[in-house]
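Student: Dropping in upload.tsv, which is TSV, C-alpha atoms:
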chain	number	residue	atom	x	y	z
A	2	MET	CA	41.95	15.88	-102.00
A	3	ARG	CA	42.44	19.58	-101.27
A	4	LYS	CA	38.75	20.22	-101.87
A	5	ILE	CA	37.77	17.35	-99.56
A	6	LEU	CA	40.02	18.75	-96.81
A	7	ASP	CA	38.44	22.19	-97.27
A	8	LEU	CA	34.96	20.68	-96.93
A	9	MET	CA	36.03	18.87	-93.78
A	10	ARG	CA	37.34	22.15	-92.39
A	11	VAL	CA	34.00	23.84	-93.14
A	12	ASP	CA	32.12	21.09	-91.28
A	13	LEU	CA	34.49	21.44	-88.33
A	14	ILE	CA	33.93	25.21	-88.19
A	15	THR	CA	30.16	24.77	-88.52
A	16	MET	CA	30.07	22.17	-85.77
A	17	ASN	CA	31.99	24.40	-83.36
A	18	GLY	CA	30.22	27.62	-84.30
A	19	GLY	CA	27.38	28.98	-82.18
A	20	LYS	CA	25.76	26.90	-79.47
A	21	ASN	CA	25.81	23.18	-80.21
A	22	ASN	CA	23.70	21.42	-77.58
A	23	MET	CA	24.42	17.98	-79.01
A	24	LYS	CA	28.17	18.48	-78.65
A	25	THR	CA	27.71	19.54	-75.02
A	26	ILE	CA	25.58	16.47	-74.27
A	27	LEU	CA	28.04	14.13	-75.97
A	28	VAL	CA	31.05	15.59	-74.12
A	29	LEU	CA	29.26	15.27	-70.77
A	30	MET	CA	28.26	11.66	-71.45
A	31	LEU	CA	31.80	10.74	-72.49
A	32	ILE	CA	33.21	12.33	-69.34
A	33	ILE	CA	30.68	10.46	-67.18
A	34	PHE	CA	31.25	7.05	-68.78
A	35	GLY	CA	35.01	7.57	-68.92
A	36	GLY	CA	35.09	8.56	-65.26
A	37	LEU	CA	32.96	5.58	-64.25
A	38	GLY	CA	35.39	3.39	-66.18
A	39	PHE	CA	38.13	4.44	-63.75
A	40	LEU	CA	35.92	4.48	-60.65
A	41	PHE	CA	33.78	1.37	-61.17
A	42	SER	CA	34.87	-0.86	-64.06
A	43	PRO	CA	36.49	-0.45	-67.52
A	44	ILE	CA	33.41	-2.20	-68.88
A	45	VAL	CA	31.48	1.05	-68.36
A	46	GLY	CA	33.91	2.68	-70.81
A	47	LEU	CA	32.49	0.42	-73.53
A	48	TYR	CA	29.55	2.82	-73.67
A	49	CYS	CA	31.81	5.58	-75.05
A	50	PRO	CA	32.10	4.28	-78.66
A	51	MET	CA	28.44	3.22	-78.65
A	52	VAL	CA	27.30	6.65	-77.44
A	53	MET	CA	29.50	8.35	-80.02
A	54	GLY	CA	27.98	6.16	-82.73
A	55	GLY	CA	24.51	7.40	-81.86
A	56	PHE	CA	25.33	11.07	-81.23
A	57	PHE	CA	28.04	11.79	-83.80
A	58	VAL	CA	25.88	12.62	-86.81
A	59	PRO	CA	23.39	14.84	-84.89
A	60	MET	CA	26.37	16.61	-83.28
A	61	LEU	CA	28.14	17.22	-86.60
A	62	PHE	CA	25.10	18.67	-88.34
A	63	HIS	CA	23.23	20.26	-85.45
A	64	ASN	CA	24.10	23.84	-86.43
A	65	GLU	CA	23.52	23.15	-90.11
A	66	LEU	CA	19.99	21.97	-89.36
A	67	LYS	CA	19.42	24.65	-86.74
A	68	TYR	CA	20.15	27.49	-89.19
A	69	HIS	CA	18.67	25.68	-92.25
A	70	SER	CA	21.88	25.91	-94.29
A	71	GLU	CA	21.87	22.38	-95.71
A	72	LYS	CA	20.66	23.61	-99.12
A	73	LEU	CA	23.77	25.77	-99.44
A	74	TRP	CA	25.71	22.77	-100.74
A	75	GLY	CA	23.44	22.68	-103.79
A	76	LEU	CA	24.56	26.19	-104.76
A	77	LEU	CA	28.32	25.81	-104.34
A	78	PRO	CA	30.48	24.59	-107.27
A	79	ILE	CA	31.32	21.21	-105.74
A	80	ARG	CA	30.52	17.67	-106.76
A	81	ARG	CA	28.06	15.81	-104.59
A	82	ARG	CA	30.48	12.92	-104.37
A	83	ASP	CA	33.09	15.24	-102.88
A	84	LEU	CA	30.69	16.25	-100.12
A	85	VAL	CA	29.88	12.60	-99.36
A	86	ASN	CA	33.59	11.72	-99.37
A	87	ALA	CA	34.44	14.60	-97.05
A	88	ARG	CA	31.73	13.86	-94.51
A	89	PHE	CA	32.28	10.11	-94.40
A	90	LEU	CA	36.03	10.65	-94.04
A	91	PHE	CA	35.58	13.36	-91.40
A	92	ALA	CA	33.07	11.41	-89.30
A	93	THR	CA	34.92	8.10	-89.54
A	94	THR	CA	38.32	9.62	-88.77
A	95	LEU	CA	37.06	11.61	-85.80
A	96	TYR	CA	35.08	8.65	-84.44
A	97	THR	CA	38.06	6.28	-84.78
A	98	ALA	CA	40.47	8.73	-83.18
A	99	LEU	CA	38.23	9.35	-80.15
A	100	SER	CA	37.53	5.63	-79.82
A	101	PHE	CA	41.26	4.88	-79.68
A	102	ILE	CA	41.73	7.59	-77.05
A	103	PHE	CA	39.08	6.03	-74.82
A	104	TYR	CA	40.49	2.58	-75.54
A	105	PHE	CA	43.88	3.56	-74.13
A	106	LEU	CA	42.25	5.34	-71.18
A	107	MET	CA	40.19	2.25	-70.28
A	108	LEU	CA	43.25	0.06	-70.86
A	109	LEU	CA	45.08	2.24	-68.33
A	110	ALA	CA	42.19	1.80	-65.89
A	111	LEU	CA	42.36	-1.97	-66.41
A	112	ASN	CA	46.08	-2.08	-65.64
A	113	LEU	CA	45.94	0.33	-62.69
A	114	LYS	CA	42.71	-1.21	-61.32
A	115	SER	CA	41.84	2.17	-59.83
A	116	TYR	CA	38.31	0.92	-59.13
A	117	TYR	CA	39.74	-1.42	-56.47
A	118	ILE	CA	40.57	1.63	-54.35
A	119	LEU	CA	37.00	2.96	-54.45
A	120	ILE	CA	35.14	-0.34	-54.01
A	121	GLY	CA	37.51	-1.68	-51.35
A	122	GLU	CA	37.15	-5.19	-49.98
A	123	GLN	CA	34.26	-6.07	-52.31
A	124	ALA	CA	36.31	-5.27	-55.42
A	125	GLU	CA	37.12	-8.90	-56.22
A	126	HIS	CA	33.42	-9.80	-56.14
A	127	LEU	CA	32.43	-6.85	-58.37
A	128	ASP	CA	35.29	-7.03	-60.89
A	129	PHE	CA	33.19	-8.28	-63.81
A	130	ILE	CA	36.17	-8.68	-66.14
A	131	ALA	CA	37.98	-10.94	-63.65
A	132	ILE	CA	34.76	-12.90	-63.03
A	133	LEU	CA	34.17	-13.44	-66.76
A	134	VAL	CA	37.78	-14.58	-67.22
A	135	GLN	CA	37.31	-17.15	-64.47
A	136	ARG	CA	34.07	-18.38	-66.01
A	137	SER	CA	35.71	-18.69	-69.42
A	138	GLY	CA	37.87	-21.50	-68.08
A	139	GLY	CA	41.15	-19.71	-68.71
A	140	SER	CA	40.60	-19.40	-72.47
A	141	LEU	CA	40.88	-15.62	-72.21
A	142	THR	CA	43.05	-13.22	-70.29
A	143	GLU	CA	41.66	-9.98	-68.86
A	144	LEU	CA	43.34	-8.02	-71.66
A	145	GLY	CA	41.96	-10.37	-74.31
A	146	LEU	CA	38.42	-10.13	-72.94
A	147	PHE	CA	38.61	-6.35	-72.66
A	148	ASN	CA	39.91	-6.06	-76.24
A	149	LEU	CA	37.14	-8.29	-77.54
A	150	MET	CA	34.40	-6.31	-75.79
A	151	TYR	CA	35.83	-2.95	-76.84
A	152	PHE	CA	36.27	-4.03	-80.46
A	153	GLY	CA	32.66	-5.19	-80.42
A	154	ALA	CA	31.48	-1.85	-79.00
A	155	PHE	CA	33.58	0.04	-81.57
A	156	SER	CA	32.15	-2.04	-84.42
A	157	PHE	CA	28.58	-1.47	-83.21
A	158	GLY	CA	29.14	2.28	-82.94
A	159	LEU	CA	30.71	2.47	-86.41
A	160	ILE	CA	27.75	0.63	-87.96
A	161	VAL	CA	25.27	2.93	-86.22
A	162	MET	CA	27.19	6.09	-87.15
A	163	THR	CA	27.58	5.29	-90.85
A	164	GLY	CA	23.92	4.27	-90.99
A	165	SER	CA	22.91	7.61	-89.47
A	166	LEU	CA	25.13	9.44	-91.94
A	167	ARG	CA	23.49	7.65	-94.86
A	168	LYS	CA	20.03	8.56	-93.51
A	169	HIS	CA	21.12	12.19	-93.11
A	170	PHE	CA	22.14	12.43	-96.78
A	171	LYS	CA	18.95	10.68	-97.83
A	172	ASP	CA	16.68	12.87	-95.72
A	173	SER	CA	18.08	15.42	-93.29
A	174	LYS	CA	14.71	15.57	-91.52
A	175	THR	CA	15.49	12.20	-89.92
A	176	THR	CA	18.51	13.78	-88.23
A	177	GLU	CA	16.45	16.81	-87.23
A	178	LEU	CA	13.84	14.57	-85.62
A	179	SER	CA	16.50	12.69	-83.71
A	180	LEU	CA	17.59	15.99	-82.18
A	181	LYS	CA	14.12	16.63	-80.79
A	182	LYS	CA	12.51	13.35	-79.88
A	183	ALA	CA	13.45	9.70	-80.17
A	184	SER	CA	11.09	7.37	-82.03
A	185	LYS	CA	9.27	4.44	-80.44
A	186	LYS	CA	11.55	2.01	-82.29
A	187	GLU	CA	14.63	3.67	-80.76
A	188	TYR	CA	13.10	3.36	-77.29
A	189	VAL	CA	12.45	-0.35	-77.92
A	190	TYR	CA	16.05	-0.90	-79.02
A	191	LEU	CA	17.28	0.94	-75.92
A	192	LEU	CA	15.12	-1.20	-73.64
A	193	LEU	CA	16.34	-4.39	-75.32
A	194	VAL	CA	19.98	-3.37	-74.87
A	195	LEU	CA	19.42	-2.46	-71.22
A	196	ALA	CA	17.57	-5.74	-70.60
A	197	ALA	CA	20.39	-7.74	-72.20
A	198	LEU	CA	22.99	-5.91	-70.11
A	199	LEU	CA	20.97	-6.48	-66.94
A	200	LEU	CA	20.60	-10.19	-67.71
A	201	TRP	CA	24.34	-10.44	-68.38
A	202	VAL	CA	25.17	-8.75	-65.06
A	203	LEU	CA	22.80	-11.07	-63.19
A	204	ILE	CA	24.37	-14.14	-64.80
A	205	VAL	CA	27.92	-12.99	-64.10
A	206	SER	CA	27.15	-12.07	-60.49
A	207	GLY	CA	25.49	-15.44	-59.88
A	208	PHE	CA	22.03	-14.05	-59.02
A	209	PHE	CA	20.53	-15.74	-62.09
A	210	PRO	CA	21.48	-19.45	-62.24
A	211	LEU	CA	22.00	-21.03	-65.63
A	212	GLY	CA	20.35	-24.26	-66.68
A	213	THR	CA	22.26	-27.20	-68.15
A	214	ALA	CA	21.41	-26.37	-71.76
A	215	ALA	CA	22.32	-22.71	-71.32
A	216	ALA	CA	25.59	-23.67	-69.63
A	217	VAL	CA	26.54	-25.87	-72.62
A	218	ILE	CA	25.80	-23.03	-75.05
A	219	ILE	CA	27.85	-20.64	-72.94
A	220	GLN	CA	30.79	-23.07	-72.96
A	221	LEU	CA	30.63	-23.47	-76.75
A	222	PHE	CA	30.54	-19.72	-77.17
A	223	ALA	CA	33.48	-19.39	-74.76
A	224	GLN	CA	35.52	-21.72	-76.97
A	225	LEU	CA	34.79	-19.53	-79.99
A	226	VAL	CA	35.61	-16.37	-78.07
A	227	GLY	CA	38.84	-17.82	-76.68
A	228	ALA	CA	40.46	-18.37	-80.09
A	229	ALA	CA	43.71	-16.31	-80.25
A	230	ASN	CA	42.80	-14.73	-76.90
A	231	GLY	CA	39.71	-13.09	-78.40
A	232	PHE	CA	41.66	-11.27	-81.10
A	233	LEU	CA	40.27	-13.39	-83.95
A	234	LEU	CA	36.62	-12.72	-83.13
A	235	GLY	CA	37.38	-9.05	-82.47
A	236	ALA	CA	39.06	-8.72	-85.87
A	237	VAL	CA	36.03	-10.36	-87.51
A	238	LEU	CA	33.68	-7.86	-85.83
A	239	VAL	CA	35.78	-4.88	-86.92
A	240	THR	CA	36.00	-6.26	-90.47
A	241	ILE	CA	32.21	-6.63	-90.63
A	242	ALA	CA	31.81	-3.03	-89.44
A	243	LEU	CA	34.28	-1.77	-92.07
A	244	PHE	CA	32.52	-3.60	-94.90
A	245	SER	CA	29.20	-2.24	-93.61
A	246	ALA	CA	30.63	1.29	-93.66
A	247	ILE	CA	31.92	0.81	-97.23
A	248	TYR	CA	28.52	-0.50	-98.36
A	249	LYS	CA	26.70	2.47	-96.80
A	250	TYR	CA	29.19	4.88	-98.36
A	251	ILE	CA	28.58	3.44	-101.84
A	252	CYS	CA	24.81	3.56	-101.31
A	253	THR	CA	25.06	7.17	-100.12
A	254	VAL	CA	27.06	8.24	-103.18
A	255	LEU	CA	24.44	6.74	-105.50
A	256	GLU	CA	21.41	7.97	-103.55
A	257	TYR	CA	22.66	11.51	-102.95
A	258	ASP	CA	23.66	11.91	-106.60
A	259	GLU	CA	20.04	11.32	-107.62
A	260	LYS	CA	18.49	13.37	-104.81
A	261	GLU	CA	16.60	16.55	-105.66
A	262	LEU	CA	18.01	19.34	-103.48
The structure given in the file should be rewritten as structure tokens.
Tutor:
Amino acid sequence: MRKILDLMRVDLITMNGGKNNMKTILVLMLIIFGGLGFLFSPIVGLYCPMVMGGFFVPMLFHNELKYHSEKLWGLLPIRRRDLVNARFLFATTLYTALSFIFYFLMLLALNLKSYYILIGEQAEHLDFIAILVQRSGGSLTELGLFNLMYFGAFSFGLIVMTGSLRKHFKDSKTTELSLKKASKKEYVYLLLVLAALLLWVLIVSGFFPLGTAAAVIIQLFAQLVGAANGFLLGAVLVTIALFSAIYKYICTVLEYDEKEL
């Protein structure tokens, strides 16, 4: 355990040493989304764990790739499994801690409803959480809906982050490419997410009317979501993400042990 903690300390020093552009970008994005969560809607704060999931691995290993020091680990008297353990523990712990910080910040914004002050008289018509609660037929409270959405965002970010970490151990060039230019597949995924969010906003705001069949499906889904005030489905999503992280960790241990450094 002492060796794992030492390796985590080395990664922390490496991440903070020199000029880390990825860390600067991530901090700015978190400040922007966190601020918009207070000024517009706590729903915007859901982007924080998702953004961290995509940027965490490039941020952690930016300097290592920049100065081409990744082969150093093959020369040091450490087990490969120890390095995998240290980096999975470091990334997961840091990601979870920051996600909980933003969870409590957005929970504070939900309770204070600070966005009502900025929006003014139109706040009730633009409060998407309140609108979704009304459309759910009372099966969810605002807190339950917010918890469900945040747990879902946290689970998505954890799956993305552990997947990126596995790819980094398998081939660090994939992380290096992600620092320079996104692939076409990543752009497609981004467009699909943005299109889904836009469609959801249009449905909630009433600009896009639902048909009878779609309304029935929405009601059935609302019944599933409303179980235990959304906590049950949220716990299922987090459990799936944890099992996914464990699976990727095991795969990484096996793959990195056979990798030629």
Student: So, counting only C-alpha atoms, which residue among A:Gly38, A:Pro43, A:Gly18, A:Gly75 is closest to Leu61 in chain A?
Tutor: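 Among A:Gly38, A:Pro43, A:Gly18, A:Gly75, it is A:Gly18 that comes nearest to Leu61 in chain A.
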Student: Would you compute the distance between CA of Gly153 in chain A and CA of Tyr104 in chain A? Give it in Å to one decimal.
Tutor: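 Atom-to-atom, CA of Gly153 in chain A and CA of Tyr104 in chain A are spaced 12.1 Å apart.
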Student: Using only C-alpha atoms, which of A:Val134, A:Leu8, A:Leu108, A:Ile247 sits nearest Ile160 in chain A?
Tutor: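 So, comparing all the options, the nearest one is A:Ile247.
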Student: Taking 3 positions as the minimum chain separation for residues in the same chain, which residues sit within 12 Å of Asn112 in chain A when counting only C-alpha atoms? Answer as a list in words.
Tutor: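 After dropping sequence-adjacent residues, the list is Phe39, Ser42, Pro43, Phe105, Leu106, Met107, Leu108, Leu109, Ser115, Tyr116, Tyr117, Ile130, Glu143, Leu144 and Phe147 of chain A.
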Student: In Å to one decimal, how far is CA of Gly54 in chain A from CA of Val161 in chain A?
Tutor: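 CA of Gly54 in chain A lies 5.5 Å from CA of Val161 in chain A.
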Student: Out of A:Arg3, A:Met16, A:Phe155, A:Asn230, which residue has the shortest atom-to-atom distance to Leu141 in chain A when counting only C-alpha atoms?
Tutor: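 Of all the options, A:Asn230 lies closest to Leu141 in chain A.
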Student: Measure the distance from CA of Cys49 in chain A to CA of Asp172 in chain A in Å and round it to one decimal.
Tutor: 26.6 Å
Student: Using all atoms listed in the file, pick whichever of A:Met162, A:Leu13, A:Leu31, A:Leu243 has the shortest atom-to-atom distance to Phe91 in chain A.
Tutor: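 Once distances to Phe91 in chain A are computed over all atoms listed in the file, the minimum belongs to A:Leu13.
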